[in-house]
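Structure first, commentary second.
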Amino acid sequence: MNYLDSSASAVSAQVISKLRAAGCVYAEEEARLLMNTARTPGELAELTERRAAGFPLESLIGWVEFCGLRIEVDPEVFVPRRRTEFLARQAVALAEPGDIVVDMCCGTGALGAVFIAEVGRIEVHAVDIDPAAVRCARRNLRSRNGFVYEGDLFEPLPDRLRGRIRILAANAPYVPTEDVKFLPREARIHEARRALDGGADGLDVQRRIAASAPLWLAKDGCLLVETSERQAPMTLELFAQYGLCPRMIRSEELDATVIIGTLT
């Protein structure tokens with residue numbers, strides 16, 4: 001590890017104890033990651049204090065593991081959740097070499113990175129309205145030959161993509177406004193509100209994406225979104241309303257629900 005000290009075991013025990021007291025369930029693993037990140041005792045103390053105060057671990061260490069990839073994470077940028085790996089896997093399973101795919105509401109660009117890593121010869125475009133997220137996604141995708149745009153949903157995409165997108169994957173915000181206050185403290189305080197709040201019923205952004213998707217999808221192209229099990233019936237109805245043939249896929253293990261709409 002970067003932080004080396006003859007009393008490393010004692011320091012580790014102190015860090016673990018502080019994290020446990022703060023309610024960190026995986027205190028041992030988090031302590032190891034913080035000690036690997038810190039370069040000095042002072043930096044370790046600062047990282048530990050910030051984590052105990054509820055700062056997201058991934059933002060402190062600067063990365064998150066997602067589908068086996070190390071994805072860079074900046075402060076205040078939405079941290080990819082483990083459940084979203086289910087969305088990524090479903091999208092990748094539908095993609096083929098040569099496809100044009102879009103990671104909508106991309107955040108760190110994690111979905112786009114998985115497309116490139118898993119499918120290979122594929123054209124990936126990613127969009128987010130948050131400048132901080134766009135800066136982070138550009139670092140994660142430029143080295144992988146992906147394109148990243150700042151703007152509101154489809155607005156910044158090149159016109160040449162109209163009617164040519166095979167896979168449109170969107171981890172859009174879907175938490176109803178009144179439920180945001182029930183989210184974990186580290187999300188409520190340290191992640192951008194617009195990356196979480198989906199409006200009164202949680203479907204505001206999904207509604208806008210579904211309404212425009214048929215103009216951008218290729219024939220037999222697919223729109224995939226993550227949602228909650230409770231909201232899934234509404235999302236299914238929404239997709240059908242805009243001419244997409246919808247189906248739901250569920251992972252109980254990850255507590256993940258994905259709606260896939262095919263343009264027929």
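Naming scheme: A, B, ... for chains in displayed order of the structure tokens; residues 1 onward per chain; ligands 1 onward as shown.
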Give one line per residue of region 51-156 of chain A that approaches region 170-185 of chain A to at most 8 Å, naming the two atoms of the closest pair and their distance in Å to one decimal, counting only C-alpha atoms; sort by chain then ascending residue number and deliver it as JSON lines.
```
{"residue": "A:Gly54", "atom": "CA", "partner": "A:Arg185", "partner_atom": "CA", "distance": 6.6}
{"residue": "A:Thr84", "atom": "CA", "partner": "A:Asn171", "partner_atom": "CA", "distance": 7.6}
{"residue": "A:Asp103", "atom": "CA", "partner": "A:Ala170", "partner_atom": "CA", "distance": 6.0}
{"residue": "A:Met104", "atom": "CA", "partner": "A:Ala170", "partner_atom": "CA", "distance": 4.7}
{"residue": "A:Cys105", "atom": "CA", "partner": "A:Ala172", "partner_atom": "CA", "distance": 5.6}
{"residue": "A:Cys106", "atom": "CA", "partner": "A:Asn171", "partner_atom": "CA", "distance": 7.2}
```
Review point. Excluding same-chain residues fewer than 4 positions from Ala53 (chain A), what lies within 12 Å of it counting only C-alpha atoms, as a list in words?
Key: Lys18, Leu19, Arg20, Ala21, Ala22, Gly23, Cys24, Glu46, Leu47, Thr48, Glu49, Leu57, Leu60, Arg185, Glu186, Ile189 and His190 of chain A
Using the selection just defined, write its residues with N, CA, C and O atoms as a tab-separated table (two decimals), in the first residue's frame.
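Result went into result.tsv, see below:
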```
chain	number	residue	atom	x	y	z
A	18	LYS	N	-13.12	3.19	13.84
A	18	LYS	CA	-13.81	4.46	13.57
A	18	LYS	C	-14.91	4.27	12.53
A	18	LYS	O	-16.01	4.82	12.65
A	19	LEU	N	-14.62	3.46	11.52
A	19	LEU	CA	-15.62	3.23	10.47
A	19	LEU	C	-16.80	2.43	11.01
A	19	LEU	O	-17.95	2.70	10.68
A	20	ARG	N	-16.51	1.44	11.83
A	20	ARG	CA	-17.59	0.65	12.44
A	20	ARG	C	-18.49	1.54	13.29
A	20	ARG	O	-19.72	1.42	13.26
A	21	ALA	N	-17.86	2.41	14.06
A	21	ALA	CA	-18.63	3.31	14.93
A	21	ALA	C	-19.53	4.23	14.12
A	21	ALA	O	-20.59	4.66	14.58
A	22	ALA	N	-19.11	4.52	12.88
A	22	ALA	CA	-19.90	5.39	12.00
A	22	ALA	C	-20.98	4.61	11.25
A	22	ALA	O	-21.75	5.20	10.50
A	23	GLY	N	-21.00	3.28	11.42
A	23	GLY	CA	-22.04	2.47	10.79
A	23	GLY	C	-21.65	1.87	9.46
A	23	GLY	O	-22.52	1.38	8.73
A	24	CYS	N	-20.37	1.87	9.11
A	24	CYS	CA	-19.92	1.27	7.85
A	24	CYS	C	-19.95	-0.25	7.97
A	24	CYS	O	-19.22	-0.83	8.79
A	46	GLU	N	-7.55	12.16	7.36
A	46	GLU	CA	-8.56	12.99	6.70
A	46	GLU	C	-9.58	12.14	5.94
A	46	GLU	O	-10.80	12.36	6.02
A	47	LEU	N	-9.09	11.13	5.19
A	47	LEU	CA	-9.99	10.25	4.45
A	47	LEU	C	-10.92	9.50	5.39
A	47	LEU	O	-12.11	9.34	5.12
A	48	THR	N	-10.37	9.04	6.50
A	48	THR	CA	-11.18	8.30	7.47
A	48	THR	C	-12.25	9.18	8.07
A	48	THR	O	-13.42	8.77	8.22
A	49	GLU	N	-11.90	10.40	8.42
A	49	GLU	CA	-12.87	11.33	8.99
A	49	GLU	C	-13.99	11.62	7.99
A	49	GLU	O	-15.17	11.65	8.35
A	57	LEU	N	-17.45	6.37	-0.24
A	57	LEU	CA	-16.13	5.75	-0.31
A	57	LEU	C	-15.53	5.88	-1.70
A	57	LEU	O	-14.35	6.19	-1.86
A	60	LEU	N	-13.94	9.09	-2.41
A	60	LEU	CA	-12.71	9.29	-1.64
A	60	LEU	C	-11.52	8.57	-2.27
A	60	LEU	O	-10.42	9.12	-2.35
A	185	ARG	N	-27.75	8.72	3.50
A	185	ARG	CA	-27.23	10.08	3.69
A	185	ARG	C	-26.14	10.42	2.69
A	185	ARG	O	-26.07	11.54	2.18
A	186	GLU	N	-25.26	9.45	2.38
A	186	GLU	CA	-24.15	9.76	1.48
A	186	GLU	C	-24.64	10.11	0.09
A	186	GLU	O	-24.01	10.91	-0.61
A	189	ILE	N	-26.62	13.81	0.33
A	189	ILE	CA	-25.78	14.97	0.59
A	189	ILE	C	-24.67	15.14	-0.45
A	189	ILE	O	-24.33	16.25	-0.84
A	190	HIS	N	-24.12	14.03	-0.92
A	190	HIS	CA	-22.89	14.12	-1.70
A	190	HIS	C	-23.04	13.82	-3.19
A	190	HIS	O	-22.06	13.89	-3.93
```
Check your understanding: Would you give me, as a ChimeraX atom specification, the residues in region 14-150 of chain A that DSSP reads as alpha helix (DSSP H)?
Key -> /A:14-21,27-37,41-52,57-61,84-94,110-119,131-142
Practice item. Could you give me, as JSON, numbers by chain, the residues within 9 Å of Arg250 (chain A), counting only C-alpha atoms and dropping anything in the same chain fewer than 4 positions from it? Key: {"A": [86, 229, 254, 255, 256, 257, 258, 259]}
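By chain and then residue number, the residues within 9 Å of Ala218 (chain A) are A:Arg162, A:Gly163, A:Arg164, A:Ile165, A:Arg166, A:Ile167, A:Leu263, counting only C-alpha atoms and disregarding those fewer than 6 positions away in sequence.
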Pull N, CA, C and O atoms from the residues just selected and write them as an mmCIF file, in the first residue's frame.
```cif
data_model
loop_
_atom_site.group_PDB
_atom_site.id
_atom_site.type_symbol
_atom_site.label_atom_id
_atom_site.label_comp_id
_atom_site.auth_asym_id
_atom_site.auth_seq_id
_atom_site.Cartn_x
_atom_site.Cartn_y
_atom_site.Cartn_z
ATOM 1 N N ARG A 162 -29.734 9.856 -35.797
ATOM 2 C CA ARG A 162 -31.183 9.662 -35.862
ATOM 3 C C ARG A 162 -31.520 8.424 -36.683
ATOM 4 O O ARG A 162 -31.071 8.281 -37.820
ATOM 5 N N GLY A 163 -32.309 7.543 -36.066
ATOM 6 C CA GLY A 163 -32.732 6.335 -36.755
ATOM 7 C C GLY A 163 -31.661 5.276 -36.888
ATOM 8 O O GLY A 163 -31.858 4.282 -37.595
ATOM 9 N N ARG A 164 -30.538 5.445 -36.178
ATOM 10 C CA ARG A 164 -29.429 4.500 -36.328
ATOM 11 C C ARG A 164 -28.969 3.873 -35.014
ATOM 12 O O ARG A 164 -28.115 2.985 -35.018
ATOM 13 N N ILE A 165 -29.513 4.290 -33.893
ATOM 14 C CA ILE A 165 -29.070 3.779 -32.591
ATOM 15 C C ILE A 165 -29.673 2.396 -32.353
ATOM 16 O O ILE A 165 -30.895 2.224 -32.333
ATOM 17 N N ARG A 166 -28.818 1.419 -32.156
ATOM 18 C CA ARG A 166 -29.289 0.050 -31.905
ATOM 19 C C ARG A 166 -29.655 -0.180 -30.444
ATOM 20 O O ARG A 166 -30.644 -0.834 -30.142
ATOM 21 N N ILE A 167 -28.816 0.363 -29.542
ATOM 22 C CA ILE A 167 -29.065 0.189 -28.115
ATOM 23 C C ILE A 167 -28.986 1.548 -27.428
ATOM 24 O O ILE A 167 -27.974 2.247 -27.535
ATOM 25 N N LEU A 263 -38.282 -1.177 -30.661
ATOM 26 C CA LEU A 263 -38.979 -0.445 -31.707
ATOM 27 C C LEU A 263 -39.313 -1.414 -32.834
ATOM 28 O O LEU A 263 -38.425 -1.962 -33.473
#
```
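Atom pair CA of Ala95 (chain A) / CA of Val119 (chain A): separated by 7.0 Å.
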Give me, as a Markdown table, each residue of region 161-254 of chain A that comes within 9 Å of region 131-154 of chain A, together with its shortest interatomic pair and the distance in Å at one decimal, counting only C-alpha atoms, with rows ordered by chain and rising residue number.
```
| residue | atom | partner | partner_atom | distance |
| --- | --- | --- | --- | --- |
| A:Val205 | CA | A:Leu153 | CA | 8.8 |
| A:Arg208 | CA | A:Leu153 | CA | 8.4 |
| A:Ile209 | CA | A:Leu153 | CA | 7.2 |
| A:Ser212 | CA | A:Phe154 | CA | 7.9 |
| A:Ala213 | CA | A:Phe154 | CA | 8.7 |
| A:Trp216 | CA | A:Phe154 | CA | 8.6 |
```
Please produce a file of the residues just selected, as an mmCIF file, in the first residue's frame, where the atoms kept are all heavy atoms.
```cif
data_model
loop_
_atom_site.group_PDB
_atom_site.id
_atom_site.type_symbol
_atom_site.label_atom_id
_atom_site.label_comp_id
_atom_site.auth_asym_id
_atom_site.auth_seq_id
_atom_site.Cartn_x
_atom_site.Cartn_y
_atom_site.Cartn_z
ATOM 1 N N VAL A 205 -37.948 11.874 -16.246
ATOM 2 C CA VAL A 205 -36.877 11.759 -17.244
ATOM 3 C C VAL A 205 -37.127 10.556 -18.152
ATOM 4 O O VAL A 205 -36.943 10.631 -19.375
ATOM 5 C CB VAL A 205 -35.499 11.670 -16.564
ATOM 6 C CG1 VAL A 205 -34.396 11.618 -17.618
ATOM 7 C CG2 VAL A 205 -35.274 12.866 -15.650
ATOM 8 N N ARG A 208 -39.557 11.486 -20.889
ATOM 9 C CA ARG A 208 -38.978 12.279 -21.982
ATOM 10 C C ARG A 208 -38.111 11.417 -22.890
ATOM 11 O O ARG A 208 -38.094 11.581 -24.108
ATOM 12 C CB ARG A 208 -38.153 13.431 -21.396
ATOM 13 C CG ARG A 208 -38.983 14.480 -20.663
ATOM 14 C CD ARG A 208 -38.099 15.571 -20.089
ATOM 15 N NE ARG A 208 -37.334 16.203 -21.156
ATOM 16 C CZ ARG A 208 -36.111 16.705 -20.995
ATOM 17 N NH1 ARG A 208 -35.506 16.615 -19.815
ATOM 18 N NH2 ARG A 208 -35.492 17.272 -22.008
ATOM 19 N N ILE A 209 -37.372 10.480 -22.292
ATOM 20 C CA ILE A 209 -36.527 9.591 -23.099
ATOM 21 C C ILE A 209 -37.391 8.699 -23.983
ATOM 22 O O ILE A 209 -37.143 8.556 -25.187
ATOM 23 C CB ILE A 209 -35.623 8.740 -22.194
ATOM 24 C CG1 ILE A 209 -34.603 9.629 -21.476
ATOM 25 C CG2 ILE A 209 -34.899 7.668 -23.018
ATOM 26 C CD1 ILE A 209 -33.778 8.894 -20.428
ATOM 27 N N SER A 212 -38.947 10.448 -27.104
ATOM 28 C CA SER A 212 -38.056 10.771 -28.224
ATOM 29 C C SER A 212 -37.331 9.564 -28.794
ATOM 30 O O SER A 212 -36.829 9.620 -29.925
ATOM 31 C CB SER A 212 -37.012 11.803 -27.775
ATOM 32 O OG SER A 212 -37.625 13.021 -27.416
ATOM 33 N N ALA A 213 -37.260 8.479 -28.039
ATOM 34 C CA ALA A 213 -36.481 7.314 -28.465
ATOM 35 C C ALA A 213 -36.846 6.801 -29.857
ATOM 36 O O ALA A 213 -35.951 6.472 -30.654
ATOM 37 C CB ALA A 213 -36.604 6.189 -27.438
ATOM 38 N N TRP A 216 -34.889 8.160 -32.722
ATOM 39 C CA TRP A 216 -33.452 7.919 -32.742
ATOM 40 C C TRP A 216 -33.077 6.454 -32.900
ATOM 41 O O TRP A 216 -31.980 6.135 -33.378
ATOM 42 C CB TRP A 216 -32.826 8.462 -31.459
ATOM 43 C CG TRP A 216 -32.875 9.959 -31.380
ATOM 44 C CD1 TRP A 216 -33.911 10.731 -30.936
ATOM 45 C CD2 TRP A 216 -31.862 10.887 -31.791
ATOM 46 N NE1 TRP A 216 -33.603 12.067 -31.026
ATOM 47 C CE2 TRP A 216 -32.339 12.187 -31.548
ATOM 48 C CE3 TRP A 216 -30.572 10.729 -32.310
ATOM 49 C CZ2 TRP A 216 -31.594 13.324 -31.816
ATOM 50 C CZ3 TRP A 216 -29.820 11.861 -32.572
ATOM 51 C CH2 TRP A 216 -30.322 13.137 -32.340
#
```
Check your understanding: Pick the closest to Pro97 (chain A) from A:Gly202, A:Pro56, A:Gly120, A:Pro80: which is it, counting only C-alpha atoms?
Key -> A:Gly120
Check your understanding: Contacts of Thr37 (chain A) at 12 Å or less, counting only C-alpha atoms, minus same-chain residues fewer than 5 places along, as a ChimeraX atom specification?
Key -> /A:1-4,30-32,43-48,57-63
